[in-house]
Structures are given as C-alpha cells and as structure tokens.
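K.L.:
Below you'll find the structure I mean.
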Amino acid sequence: MKSADWEVLHRAQTWLAQGHSAHLFTVIQTWGSAPRLPGAILVVRDDGHLIGSVSGGCIEDDLADKAKHGQLPTAPTVLEYGVNQNEAQRFGIPCGGRLTVFAEPLSSAEQLTPLLHGIEQRTLIKRSVCLSSGQVKITAVLPEGLPRIEGDWFHSYFGPQWRLLIIGANQLGSVLASMAQVLEFDVLICDPREDMQSEWHVEGATWVYGMPDDVVLDIQPDARTAIVAVTHDPKLDDMALLEALKSDAFYVGALGAQKNQEKRRDRLRMFDLSEYEIAKLNGPVGLNIGSRTPAEIAVAILAELIQIRAQQQKNGIAMPEALRCSA
C-alpha cells in the first residue's frame with residue numbers, strides 16, 4: 001500500500017500525461033475545528049474529477065464545480081474558506097472553523113516526478129512555489145515544520161510514508177498488520193520463528209527476514225517509523241527494543257502487563273541505554289481502553305499511534321534552527 005500523498009500525486013501525474021489540466025490544492029493553515037490538517041492535498045482535474053481531500057467534502061465540491069466552469073485560478077493563489085459563520089456553514093466547516101488553501105495550476109506530469117521519487121526513497125522533500133512567477137524549487141531537507149507562506153514563496157513538504165514494524169507474527173501481529181494498512185501504514189513484519197513464518201497469511205505486509213535487532217538496524221527507523229514488539233518472548237522482544245529505543249522511531253511499544261514492563265525496563269538498564277531512551281518505551285502498549293482480545297488490543301495500539309501521529313502532523317517536527325535547510 002502506498003501513502004495517500006503518493007496515490008494523489010501519482011493519479012495527478014497520470015491525468016497530466018493524458019493531456020488533462022489539473023490544480024493542486026494544499027491546506028496551509030486551519031483555525032477552529034477544520035476537518036483536515038495543514039499539508040493535506042487535493043488534485044482537481046479540469047472536468048471536476050478529484051482525488052485527495054482538504055475538507056469534509058463541501059470545499060471539494062466547490063472546487064470541482066469551479067473546475068468544470070473554468071473558474072479556478074490561472075496562477076498560484078491563496079484561497080480562504082470559512083471566514084464567517086455563514087460561509088463556515090455553507091462549506092460544512094464545524095464550530096466556525098476556517099482554513100487557507102494554496103491553489104496551484106499544474107503544468108506538466110514531469111514536475112511531480114521528484115515528489116513521487118522522494119516519497120518512494122523515504123526522503124523529506126520541500127516544494128517551494130513562487131506566487132508571483134509560478135517558479136518551483138525542490139529541496140531535500142531536514143524536518144522543518146508545517147506548510148507556510150514566506151514572503152513571495154509557499155513551502156510545502158512531502159515526506160516518506162508512515163510505517164510500522166511489527167515484531168511477532170502471532171494472532172495479534174496478524175490483526176495489527178491488517179488494520180494498520182487501512183490507516184496508511186507501510187507494514188513490515190519480523191519473526192525468526194519458522195513455524196510463525198509458515199502460518200503468516202496477511203496480504204500487503206512485507207516480511208523482513210532476520211533477527212529482530214538486526215532488522216531494526218537494517219530498516220534505519222526514522223521519525224515516521226513505529227516499532228511494536230508483540231511476541232511475548234523477551235529473547236525476541238527485548239533484542240528489538242534495545243535497538244529501537246536508540247533510533248529515531250516516533251513510537252516504540254511492547255506488549256505485556258505493567259509488572260512485566262517493569263522487569264523489562266530493569267533488563268534494558270543492563271545495556272547501553274540511557275534513562276531517557278528507556279522512558280521512550282510505551283508499555284503496556286496502546287491506550288488503556290480495557291482491551292482483551294487480539295482485535296481489541298490492536299485497536300488500542302493503533303489508537304495510540306493515531307494520537308501521536310496526529311499530534312506530529314499538527315505541530316510539525318521541530319528541529320533546532322541551526323540544523324534547518326534554507327529555501
């Protein structure tokens with residue numbers, strides 16, 4: 001399964017290659033209870049066909065109607081929706097929320113290729129568009145935050161797909177792998193036990209061969225990677241966690257009751273981990289919703305991942321000023 005951004009951009013590239021014209025819309029900023037977060041994208045074809053989303057649906061309908069009647073802007077433009085209560089109700093923006101959207105006509109299929117390639121290579125790309133000239137600049141960057149207008153330039157970011165490494169191909173791992181794919185995670189599964197490998201039948205998840213600690217090192221976890229250990233075997237789980245907690249993964253979790261987690265933390269202290277790194281461990285894994293069955297536990301785990309992922313998407317991933325790349 002590809003990321004939502006990849007699907008939108010790839011479809012747009014196909015439309016452009018077929019001779020259609022199209023517009024790319026990106027949420028810049030939201031206030032109140034706007035449905036989508038900054039960075040959400042939508043592409044509208046000249047005949048009103050669309051893919052992606054910038055709101056709950058009504059703004060998409062308005063943009064599609066404008067496309068059909070040739071009323072979309074012919075140059076990069078900032079659009080604002082929901083500036084008053086009447087407009088907020090018209091466009092279905094709840095609680096008086098509002099949002100600004102960057103609208104940009106797309107000129108060729110080739111201009112989307114660097115973005116698609118960057119997503120596939122797990123590279124964070126900054127795409128900068130000059131409002132006055134339409135000039136586009138593509139830069140590989142360190143995390144910088146949210147889309148923004150800076151002088152005469154609009155900066156947006158296209159990052160690698162969120163991914164989830166599951167250590168353990170048991171029943172919980174299977175349910176978790178299936179559910180996570182629906183939530184746009186690229187799912188990797190690792191379990192060195194041959195009997196588990198032979199019984200694995202979840203489509204879409206990538207089996208990664210090797211011992212868990214080696215696999216964690218091999219995939220080079222970044223800030224869009226989550227790692228969850230569910231084997232219930234300390235010899236496997238702890239090995240993976242030892243490397244995961246030293247990585248840049250945004251989430252590291254392990255199955256097990258509170259007492260078992262305390263014993264696990266004591267074991268981890270025997271290795272070269274700091275207290276800060278050990279404190280990154282989410283255990284017991286998932287939100288406390290009284291889950292018992294494998295499906296319920298998977299829901300609890302994914303609910304916590306969604307919560308943390310949404311917070312990162314809302315706030316951006318801050319980096320020290322000295323490490324930021326210039327436009």
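We name chains A, B, ... following the order of the structure tokens; residues begin at 1 in each chain, and ligands are numbered from 1 as shown.
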Quick one: residues within 10 Å of Leu9 (chain A), only C-alpha atoms counted, chain neighbours fewer than 2 positions away excluded, as a ChimeraX atom specification?

P.N.:
/A:4-7,11-15,24,41-43,51-52,109,112-113,115-116

K.L.:
Just to be explicit: take each residue in the selection above, keep N, CA, C and O atoms, and write the result as a compact mmCIF listing (two decimals), in the first residue's frame.

P.N.:
# COMPACT_ATOMS: atom_id res chain seq x y z
N ALA A 4 -1.05 8.04 1.09
CA ALA A 4 -2.13 8.80 0.48
C ALA A 4 -1.58 9.88 -0.45
O ALA A 4 -2.11 10.11 -1.54
N ASP A 5 -0.52 10.58 -0.02
CA ASP A 5 0.08 11.62 -0.86
C ASP A 5 0.59 11.02 -2.17
O ASP A 5 0.43 11.61 -3.24
N TRP A 6 1.24 9.86 -2.08
CA TRP A 6 1.76 9.21 -3.28
C TRP A 6 0.62 8.88 -4.24
O TRP A 6 0.73 9.11 -5.45
N GLU A 7 -0.47 8.36 -3.72
CA GLU A 7 -1.61 8.00 -4.55
C GLU A 7 -2.18 9.23 -5.25
O GLU A 7 -2.51 9.19 -6.45
N ARG A 11 -1.81 9.76 -9.32
CA ARG A 11 -3.01 9.90 -10.14
C ARG A 11 -2.99 11.20 -10.92
O ARG A 11 -3.35 11.25 -12.10
N ALA A 12 -2.56 12.28 -10.26
CA ALA A 12 -2.46 13.57 -10.94
C ALA A 12 -1.48 13.51 -12.10
O ALA A 12 -1.72 14.06 -13.18
N GLN A 13 -0.36 12.82 -11.87
CA GLN A 13 0.64 12.68 -12.94
C GLN A 13 0.04 11.94 -14.14
O GLN A 13 0.29 12.32 -15.29
N THR A 14 -0.74 10.91 -13.87
CA THR A 14 -1.39 10.17 -14.95
C THR A 14 -2.35 11.07 -15.74
O THR A 14 -2.37 11.05 -16.98
N TRP A 15 -3.15 11.86 -15.02
CA TRP A 15 -4.08 12.78 -15.70
C TRP A 15 -3.33 13.77 -16.59
O TRP A 15 -3.73 14.02 -17.73
N LEU A 24 -3.46 21.65 -8.07
CA LEU A 24 -3.06 21.07 -6.80
C LEU A 24 -3.44 22.04 -5.68
O LEU A 24 -3.09 23.22 -5.74
N ILE A 41 -3.57 17.38 0.88
CA ILE A 41 -3.59 17.80 -0.52
C ILE A 41 -4.78 17.23 -1.27
O ILE A 41 -5.35 16.20 -0.90
N LEU A 42 -5.14 17.94 -2.33
CA LEU A 42 -6.23 17.58 -3.23
C LEU A 42 -5.81 17.96 -4.63
O LEU A 42 -5.21 19.02 -4.84
N VAL A 43 -6.11 17.12 -5.61
CA VAL A 43 -5.91 17.46 -7.01
C VAL A 43 -7.26 17.40 -7.71
O VAL A 43 -7.99 16.41 -7.57
N ILE A 51 -9.10 13.80 -6.58
CA ILE A 51 -8.54 12.79 -5.68
C ILE A 51 -7.84 13.52 -4.54
O ILE A 51 -7.20 14.55 -4.74
N GLY A 52 -8.00 12.99 -3.32
CA GLY A 52 -7.46 13.65 -2.15
C GLY A 52 -8.54 14.42 -1.42
O GLY A 52 -9.73 14.32 -1.74
N ALA A 109 3.28 16.64 -16.27
CA ALA A 109 3.42 15.43 -15.45
C ALA A 109 4.81 15.33 -14.83
O ALA A 109 4.98 14.84 -13.71
N LEU A 112 5.88 16.50 -11.16
CA LEU A 112 5.53 15.73 -9.97
C LEU A 112 6.48 14.57 -9.71
O LEU A 112 6.46 13.97 -8.64
N THR A 113 7.33 14.26 -10.69
CA THR A 113 8.23 13.13 -10.57
C THR A 113 9.16 13.23 -9.36
O THR A 113 9.34 12.24 -8.63
N LEU A 115 8.69 14.58 -6.50
CA LEU A 115 7.94 14.33 -5.27
C LEU A 115 7.66 12.85 -5.10
O LEU A 115 7.84 12.29 -4.01
N LEU A 116 7.23 12.19 -6.17
CA LEU A 116 6.96 10.77 -6.11
C LEU A 116 8.23 9.98 -5.79
O LEU A 116 8.22 9.06 -4.97

K.L.:
Residues near Asp47 (chain A), anyone? I mean within 8 Å using only C-alpha atoms, not counting same-chain ones fewer than 6 positions away, as a short mmCIF file (atom, residue, chain, number, x, y, z; two decimals) with all heavy atoms, in the first residue's frame.

P.N.:
data_model
loop_
_atom_site.label_atom_id
_atom_site.label_comp_id
_atom_site.auth_asym_id
_atom_site.auth_seq_id
_atom_site.Cartn_x
_atom_site.Cartn_y
_atom_site.Cartn_z
N ALA A 64 -14.45 21.50 -7.44
CA ALA A 64 -14.79 20.71 -8.62
C ALA A 64 -15.74 21.46 -9.54
O ALA A 64 -15.59 21.44 -10.77
CB ALA A 64 -15.41 19.37 -8.20
N ALA A 67 -13.82 24.04 -11.37
CA ALA A 67 -13.01 23.44 -12.44
C ALA A 67 -13.85 23.21 -13.69
O ALA A 67 -13.42 23.49 -14.80
CB ALA A 67 -12.40 22.13 -11.94
N LYS A 68 -15.06 22.70 -13.50
CA LYS A 68 -15.94 22.43 -14.65
C LYS A 68 -16.27 23.69 -15.42
O LYS A 68 -16.48 23.65 -16.64
CB LYS A 68 -17.23 21.77 -14.16
CG LYS A 68 -17.05 20.39 -13.56
CD LYS A 68 -18.36 19.87 -13.01
CE LYS A 68 -18.19 18.54 -12.30
NZ LYS A 68 -19.46 18.07 -11.68
#

K.L.:
Env of Gln29 (chain A): 9 Å cut, atoms = only C-alpha atoms, seq-sep filter 6 positions within chain, self excluded. Answer as an MDAnalysis selection string.

P.N.:
chainID A and resid 37:39 98:101 146:148

K.L.:
Calculated over only C-alpha atoms, which of the candidates A:Ala240, A:Ala298, A:Ile59, A:Val228 has the smallest distance to Ser178 (chain A)?

P.N.:
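Nearest to Ser178 (chain A): A:Ala298.
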
K.L.:
Based on DSSP run over this structure's backbone, return all residues of region 245-299 of chain A in strand (DSSP E), as a PyMOL selection string.

P.N.:
chain A and resi 251-254+281-282

K.L.:
Which is closer to Leu176 (chain A) than all the others in A:Gly256, A:Thr30, A:Val230, A:Glu277, using only C-alpha atoms?

P.N.:
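Nearest candidate to Leu176 (chain A) out of A:Gly256, A:Thr30, A:Val230, A:Glu277: A:Val230.
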
K.L.:
A:Ala140, A:Val78, A:Ile219, A:Leu255: which is nearest Asp152 (chain A), counting only C-alpha atoms?

P.N.:
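Closest to Asp152 (chain A), using only C-alpha atoms: A:Val78.
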
K.L.:
Give the answer as one residue: which of A:Asp186, A:Asp248, A:Asp213, A:Asp62 has the shortest atom-to-atom distance to Leu50 (chain A), using only C-alpha atoms?

P.N.:
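Closest to Leu50 (chain A), using only C-alpha atoms: A:Asp62.
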
K.L.:
When distances are computed from only C-alpha atoms, which of A:Val182, A:Leu245, A:Leu268, A:Val54 shows the smallest separation from Ala226 (chain A)?

P.N.:
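Between A:Val182, A:Leu245, A:Leu268, A:Val54, the residue approaching Ala226 (chain A) most closely is A:Leu245.
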
K.L.:
Any chance you could list, as number ranges by chain, the residues in region 89-213 of chain A that come up helix (DSSP H, G or I) when DSSP is run on the backbone?

P.N.:
A: 89-90, 94-96, 109-120, 171-182, 194-198, 212-213

K.L.:
May I have the selected residues written with C-alpha atoms, as a PDB file, in the first residue's frame?

P.N.:
ATOM      1  CA  GLN A  89     -21.925  26.541   7.491  1.00  0.00           C
ATOM      2  CA  ARG A  90     -22.072  26.593   3.672  1.00  0.00           C
ATOM      3  CA  PRO A  94     -17.813  22.849  12.055  1.00  0.00           C
ATOM      4  CA  CYS A  95     -17.744  25.252  15.004  1.00  0.00           C
ATOM      5  CA  GLY A  96     -16.874  28.289  12.902  1.00  0.00           C
ATOM      6  CA  ALA A 109       3.419  15.435 -15.445  1.00  0.00           C
ATOM      7  CA  GLU A 110       7.202  15.690 -15.101  1.00  0.00           C
ATOM      8  CA  GLN A 111       7.040  18.299 -12.345  1.00  0.00           C
ATOM      9  CA  LEU A 112       5.528  15.733  -9.967  1.00  0.00           C
ATOM     10  CA  THR A 113       8.233  13.129 -10.567  1.00  0.00           C
ATOM     11  CA  PRO A 114      10.680  14.452  -7.902  1.00  0.00           C
ATOM     12  CA  LEU A 115       7.940  14.331  -5.270  1.00  0.00           C
ATOM     13  CA  LEU A 116       6.959  10.766  -6.109  1.00  0.00           C
ATOM     14  CA  HIS A 117      10.607   9.699  -6.179  1.00  0.00           C
ATOM     15  CA  GLY A 118      11.266  11.368  -2.820  1.00  0.00           C
ATOM     16  CA  ILE A 119       8.336   9.595  -1.165  1.00  0.00           C
ATOM     17  CA  GLU A 120       9.465   6.250  -2.573  1.00  0.00           C
ATOM     18  CA  GLN A 171      -2.533 -13.640  16.029  1.00  0.00           C
ATOM     19  CA  LEU A 172      -2.184 -10.129  17.423  1.00  0.00           C
ATOM     20  CA  GLY A 173       0.536  -9.335  14.896  1.00  0.00           C
ATOM     21  CA  SER A 174      -1.729 -10.517  12.076  1.00  0.00           C
ATOM     22  CA  VAL A 175      -4.695  -8.423  13.156  1.00  0.00           C
ATOM     23  CA  LEU A 176      -2.459  -5.415  13.799  1.00  0.00           C
ATOM     24  CA  ALA A 177      -0.854  -5.731  10.351  1.00  0.00           C
ATOM     25  CA  SER A 178      -4.235  -5.861   8.611  1.00  0.00           C
ATOM     26  CA  MET A 179      -5.689  -2.886  10.477  1.00  0.00           C
ATOM     27  CA  ALA A 180      -2.561  -0.740  10.177  1.00  0.00           C
ATOM     28  CA  GLN A 181      -2.605  -0.926   6.395  1.00  0.00           C
ATOM     29  CA  VAL A 182      -6.075   0.625   6.323  1.00  0.00           C
ATOM     30  CA  GLU A 194       9.961 -20.812  11.288  1.00  0.00           C
ATOM     31  CA  ASP A 195       6.564 -22.044  12.465  1.00  0.00           C
ATOM     32  CA  MET A 196       5.305 -18.454  12.588  1.00  0.00           C
ATOM     33  CA  GLN A 197       6.633 -17.714   9.108  1.00  0.00           C
ATOM     34  CA  SER A 198       4.858 -20.728   7.634  1.00  0.00           C
ATOM     35  CA  PRO A 212      14.677  -8.575  15.321  1.00  0.00           C
ATOM     36  CA  ASP A 213      17.592  -6.428  16.450  1.00  0.00           C
TER      37      ASP A 213
END

K.L.:
Which polymer residues have any atom within 7 Å of an atom of Ile289 (chain A), counting only C-alpha atoms, with same-chain residues fewer than 2 positions away left out, as an NGL selection string?

P.N.:
:A and (287 or 291 or 300)

K.L.:
Can you pull out every residue within 12 Å of His232 (chain A), counting only C-alpha atoms, but drop anything in the same chain fewer than 6 positions away, and send it as an mmCIF file with C-alpha atoms, in the first residue's frame?

P.N.:
data_model
loop_
_atom_site.group_PDB
_atom_site.id
_atom_site.type_symbol
_atom_site.label_atom_id
_atom_site.label_comp_id
_atom_site.auth_asym_id
_atom_site.auth_seq_id
_atom_site.Cartn_x
_atom_site.Cartn_y
_atom_site.Cartn_z
ATOM 1 C CA ILE A 167 7.971 -7.932 15.888
ATOM 2 C CA GLY A 168 5.899 -11.098 16.168
ATOM 3 C CA ALA A 169 3.768 -12.938 13.621
ATOM 4 C CA ASN A 170 1.221 -14.260 16.117
ATOM 5 C CA GLN A 171 -2.533 -13.640 16.029
ATOM 6 C CA LEU A 172 -2.184 -10.129 17.423
ATOM 7 C CA GLY A 173 0.536 -9.335 14.896
ATOM 8 C CA ASP A 191 9.638 -13.100 13.340
ATOM 9 C CA ASP A 238 13.996 -7.144 24.146
ATOM 10 C CA ALA A 254 5.868 -3.638 23.736
ATOM 11 C CA LEU A 255 3.100 -5.998 24.785
ATOM 12 C CA GLY A 256 2.949 -7.030 28.427
ATOM 13 C CA ALA A 257 1.395 -6.195 31.791
ATOM 14 C CA ASN A 260 6.376 -7.389 33.124
ATOM 15 C CA GLN A 261 7.183 -3.948 31.755
ATOM 16 C CA ARG A 264 11.750 -5.394 31.026
ATOM 17 C CA PRO A 284 1.923 -1.635 28.355
#

K.L.:
Would you mind listing what lies within 9 Å of Thr74 (chain A) as a list in words, with only C-alpha atoms counted and same-chain residues fewer than 2 positions away left out?

P.N.:
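Selected residues are Gln71, Leu72, Pro76, Thr77, Glu104 and Pro105 of chain A.
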
K.L.:
Using the selection just defined, write its residues with all heavy atoms as a JSON list (two decimals), in the first residue's frame.

P.N.:
[["chain", "number", "residue", "atom", "x", "y", "z"],
["A", 71, "GLN", "N", -13.22, 28.23, -13.70],
["A", 71, "GLN", "CA", -13.13, 29.35, -12.76],
["A", 71, "GLN", "C", -12.00, 29.21, -11.74],
["A", 71, "GLN", "O", -11.88, 30.04, -10.84],
["A", 71, "GLN", "CB", -14.47, 29.51, -12.02],
["A", 71, "GLN", "CG", -15.64, 29.84, -12.93],
["A", 71, "GLN", "CD", -16.97, 29.83, -12.19],
["A", 71, "GLN", "OE1", -17.07, 29.33, -11.07],
["A", 71, "GLN", "NE2", -17.99, 30.40, -12.82],
["A", 72, "LEU", "N", -11.17, 28.19, -11.88],
["A", 72, "LEU", "CA", -10.05, 28.06, -10.95],
["A", 72, "LEU", "C", -8.94, 29.03, -11.34],
["A", 72, "LEU", "O", -8.81, 29.40, -12.52],
["A", 72, "LEU", "CB", -9.52, 26.62, -10.97],
["A", 72, "LEU", "CG", -10.45, 25.56, -10.37],
["A", 72, "LEU", "CD1", -9.84, 24.18, -10.50],
["A", 72, "LEU", "CD2", -10.76, 25.87, -8.91],
["A", 76, "PRO", "N", -0.63, 30.74, -9.10],
["A", 76, "PRO", "CA", -0.65, 30.35, -7.69],
["A", 76, "PRO", "C", -1.40, 31.38, -6.85],
["A", 76, "PRO", "O", -1.16, 32.58, -6.95],
["A", 76, "PRO", "CB", 0.83, 30.30, -7.31],
["A", 76, "PRO", "CG", 1.52, 29.98, -8.60],
["A", 76, "PRO", "CD", 0.75, 30.71, -9.65],
["A", 77, "THR", "N", -2.33, 30.92, -6.03],
["A", 77, "THR", "CA", -3.24, 31.79, -5.28],
["A", 77, "THR", "C", -3.53, 31.18, -3.92],
["A", 77, "THR", "O", -3.60, 29.96, -3.79],
["A", 77, "THR", "CB", -4.57, 31.97, -6.04],
["A", 77, "THR", "OG1", -4.31, 32.44, -7.36],
["A", 77, "THR", "CG2", -5.48, 32.96, -5.33],
["A", 104, "GLU", "N", -2.78, 25.85, -6.97],
["A", 104, "GLU", "CA", -1.70, 25.95, -7.96],
["A", 104, "GLU", "C", -2.04, 25.16, -9.21],
["A", 104, "GLU", "O", -2.30, 23.95, -9.13],
["A", 104, "GLU", "CB", -0.41, 25.41, -7.34],
["A", 104, "GLU", "CG", 0.75, 25.34, -8.29],
["A", 104, "GLU", "CD", 1.86, 24.48, -7.74],
["A", 104, "GLU", "OE1", 1.77, 24.02, -6.58],
["A", 104, "GLU", "OE2", 2.83, 24.23, -8.49],
["A", 105, "PRO", "N", -2.06, 25.81, -10.38],
["A", 105, "PRO", "CA", -2.24, 25.05, -11.62],
["A", 105, "PRO", "C", -1.00, 24.22, -11.92],
["A", 105, "PRO", "O", 0.13, 24.70, -11.77],
["A", 105, "PRO", "CB", -2.45, 26.14, -12.67],
["A", 105, "PRO", "CG", -1.81, 27.37, -12.10],
["A", 105, "PRO", "CD", -1.95, 27.26, -10.61]]

K.L.:
What gap, in Å, lies between CA of Pro221 (chain A) and CA of Phe250 (chain A)?

P.N.:
8.7 Å

K.L.:
Calculated over only C-alpha atoms, which of the candidates A:Ile227, A:Ala244, A:Val202, A:Leu164 has the smallest distance to Leu183 (chain A)?

P.N.:
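Of all the options, A:Leu164 lies closest to Leu183 (chain A).
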
K.L.:
Report the distance between CA of Glu203 (chain A) and CA of Thr123 (chain A) in Å, rounded to one decimal place.

P.N.:
25.8 Å

K.L.:
Residues within 12 Å of Ala279 (chain A), please, as a tab-separated table (two decimals) with all heavy atoms, in the first residue's frame. Count only C-alpha atoms; anything in the same chain fewer than 3 positions from it doesn't count.

P.N.:
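Written out: selection.tsv:
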chain	number	residue	atom	x	y	z
A	241	LEU	N	13.75	-4.11	20.96
A	241	LEU	CA	13.57	-2.86	21.70
A	241	LEU	C	14.90	-2.19	22.01
A	241	LEU	O	15.01	-0.95	22.02
A	241	LEU	CB	12.81	-3.13	23.00
A	241	LEU	CG	11.38	-3.66	22.84
A	241	LEU	CD1	10.80	-4.08	24.19
A	241	LEU	CD2	10.49	-2.60	22.19
A	245	LEU	N	14.86	1.67	20.73
A	245	LEU	CA	14.84	2.80	21.65
A	245	LEU	C	16.01	3.76	21.39
A	245	LEU	O	15.96	4.92	21.82
A	245	LEU	CB	14.87	2.31	23.10
A	245	LEU	CG	13.59	1.59	23.56
A	245	LEU	CD1	13.80	0.92	24.91
A	245	LEU	CD2	12.42	2.57	23.63
A	246	LYS	N	17.03	3.30	20.69
A	246	LYS	CA	18.15	4.17	20.34
A	246	LYS	C	17.94	4.85	18.99
A	246	LYS	O	18.75	5.67	18.57
A	246	LYS	CB	19.46	3.36	20.31
A	246	LYS	CG	19.88	2.82	21.66
A	246	LYS	CD	21.24	2.16	21.62
A	246	LYS	CE	21.20	0.82	20.92
A	246	LYS	NZ	22.51	0.10	20.99
A	251	TYR	N	7.59	6.05	17.72
A	251	TYR	CA	6.85	5.25	18.69
A	251	TYR	C	7.52	3.90	18.83
A	251	TYR	O	7.83	3.24	17.83
A	251	TYR	CB	5.40	5.06	18.23
A	251	TYR	CG	4.52	4.28	19.19
A	251	TYR	CD1	3.75	4.93	20.14
A	251	TYR	CD2	4.47	2.89	19.15
A	251	TYR	CE1	2.95	4.23	21.03
A	251	TYR	CE2	3.68	2.17	20.04
A	251	TYR	CZ	2.92	2.85	20.97
A	251	TYR	OH	2.13	2.15	21.86
A	252	VAL	N	7.76	3.48	20.07
A	252	VAL	CA	8.27	2.15	20.37
A	252	VAL	C	7.42	1.57	21.48
A	252	VAL	O	7.29	2.17	22.55
A	252	VAL	CB	9.75	2.18	20.81
A	252	VAL	CG1	10.23	0.77	21.14
A	252	VAL	CG2	10.63	2.81	19.74
A	253	GLY	N	6.80	0.42	21.22
A	253	GLY	CA	5.92	-0.17	22.21
A	253	GLY	C	6.14	-1.66	22.35
A	253	GLY	O	6.68	-2.31	21.44
A	261	GLN	N	6.50	-5.11	32.33
A	261	GLN	CA	7.18	-3.95	31.76
A	261	GLN	C	8.26	-3.43	32.70
A	261	GLN	O	9.34	-3.00	32.26
A	261	GLN	CB	6.17	-2.84	31.44
A	261	GLN	CG	5.11	-3.21	30.41
A	261	GLN	CD	5.69	-3.46	29.03
A	261	GLN	OE1	6.82	-3.06	28.73
A	261	GLN	NE2	4.93	-4.12	28.17
A	262	GLU	N	7.97	-3.46	33.98
A	262	GLU	CA	8.98	-3.02	34.96
A	262	GLU	C	10.20	-3.94	34.93
A	262	GLU	O	11.35	-3.48	34.99
A	262	GLU	CB	8.35	-3.00	36.35
A	262	GLU	CG	7.28	-1.92	36.52
A	262	GLU	CD	6.54	-2.05	37.84
A	262	GLU	OE1	6.87	-2.97	38.63
A	262	GLU	OE2	5.62	-1.24	38.07
A	264	ARG	N	11.10	-5.66	32.32
A	264	ARG	CA	11.75	-5.39	31.03
A	264	ARG	C	12.65	-4.16	31.13
A	264	ARG	O	13.78	-4.17	30.64
A	264	ARG	CB	10.71	-5.20	29.93
A	264	ARG	CG	11.30	-4.72	28.61
A	264	ARG	CD	10.27	-4.60	27.53
A	264	ARG	NE	9.92	-5.89	26.98
A	264	ARG	CZ	8.72	-6.43	27.00
A	264	ARG	NH1	7.71	-5.78	27.58
A	264	ARG	NH2	8.50	-7.62	26.47
A	265	ARG	N	12.17	-3.11	31.77
A	265	ARG	CA	12.98	-1.89	31.90
A	265	ARG	C	14.24	-2.17	32.73
A	265	ARG	O	15.30	-1.61	32.46
A	265	ARG	CB	12.14	-0.78	32.51
A	265	ARG	CG	11.08	-0.23	31.56
A	265	ARG	CD	10.30	0.94	32.18
A	265	ARG	NE	9.42	1.56	31.20
A	265	ARG	CZ	8.16	1.19	30.96
A	265	ARG	NH1	7.64	0.17	31.67
A	265	ARG	NH2	7.42	1.80	30.05
A	266	ASP	N	14.09	-3.02	33.74
A	266	ASP	CA	15.28	-3.39	34.53
A	266	ASP	C	16.28	-4.14	33.65
A	266	ASP	O	17.50	-3.93	33.77
A	266	ASP	CB	14.87	-4.27	35.72
A	266	ASP	CG	14.16	-3.48	36.81
A	266	ASP	OD1	14.33	-2.24	36.84
A	266	ASP	OD2	13.43	-4.09	37.61
A	268	LEU	N	16.62	-3.82	30.40
A	268	LEU	CA	17.19	-2.87	29.45
A	268	LEU	C	18.28	-2.01	30.09
A	268	LEU	O	19.20	-1.55	29.40
A	268	LEU	CB	16.08	-1.99	28.87
A	268	LEU	CG	15.07	-2.70	27.95
A	268	LEU	CD1	13.93	-1.77	27.59
A	268	LEU	CD2	15.77	-3.21	26.69
A	269	ARG	N	18.15	-1.77	31.39
A	269	ARG	CA	19.16	-0.96	32.08
A	269	ARG	C	20.51	-1.66	32.14
A	269	ARG	O	21.54	-1.03	32.42
A	269	ARG	CB	18.68	-0.62	33.49
A	269	ARG	CG	17.53	0.37	33.53
A	269	ARG	CD	17.20	0.83	34.94
A	269	ARG	NE	16.14	1.81	34.93
A	269	ARG	CZ	14.85	1.53	35.08
A	269	ARG	NH1	14.48	0.26	35.29
A	269	ARG	NH2	13.94	2.48	35.04
A	273	LEU	N	21.75	1.74	27.37
A	273	LEU	CA	20.62	2.64	27.17
A	273	LEU	C	20.57	3.65	28.30
A	273	LEU	O	20.77	3.32	29.47
A	273	LEU	CB	19.29	1.86	27.13
A	273	LEU	CG	19.02	0.97	25.92
A	273	LEU	CD1	17.70	0.25	26.10
A	273	LEU	CD2	18.99	1.78	24.63
A	274	SER	N	20.25	4.90	27.95
A	274	SER	CA	20.08	5.93	28.97
A	274	SER	C	18.67	5.85	29.54
A	274	SER	O	17.78	5.21	28.97
A	274	SER	CB	20.32	7.31	28.35
A	274	SER	OG	19.29	7.61	27.41
A	275	GLU	N	18.45	6.51	30.65
A	275	GLU	CA	17.10	6.55	31.23
A	275	GLU	C	16.13	7.26	30.29
A	275	GLU	O	14.95	6.92	30.24
A	275	GLU	CB	17.13	7.25	32.59
A	275	GLU	CG	17.75	6.42	33.71
A	275	GLU	CD	17.00	5.12	33.94
A	275	GLU	OE1	15.75	5.13	33.94
A	275	GLU	OE2	17.66	4.08	34.14
A	276	TYR	N	16.63	8.25	29.56
A	276	TYR	CA	15.78	8.93	28.58
A	276	TYR	C	15.31	7.96	27.50
A	276	TYR	O	14.13	7.96	27.12
A	276	TYR	CB	16.55	10.09	27.95
A	276	TYR	CG	15.85	10.72	26.76
A	276	TYR	CD1	14.78	11.60	26.95
A	276	TYR	CD2	16.24	10.39	25.46
A	276	TYR	CE1	14.12	12.17	25.86
A	276	TYR	CE2	15.58	10.95	24.36
A	276	TYR	CZ	14.53	11.83	24.57
A	276	TYR	OH	13.88	12.38	23.50
A	282	ASN	N	6.81	2.58	25.25
A	282	ASN	CA	5.38	2.57	25.58
A	282	ASN	C	5.00	1.15	26.00
A	282	ASN	O	4.89	0.25	25.17
A	282	ASN	CB	4.56	2.99	24.35
A	282	ASN	CG	4.75	4.45	24.01
A	282	ASN	OD1	4.09	5.32	24.53
A	282	ASN	ND2	5.71	4.71	23.11
A	283	GLY	N	4.83	0.96	27.26
A	283	GLY	CA	4.47	-0.35	27.76
A	283	GLY	C	3.81	-0.21	29.12
A	283	GLY	O	4.36	0.46	30.00

K.L.:
Any idea what the distance is between CA of Leu188 (chain A) and CA of Ile308 (chain A)?

P.N.:
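According to the coordinates, CA of Leu188 (chain A) and CA of Ile308 (chain A) are separated by 19.4 Å.
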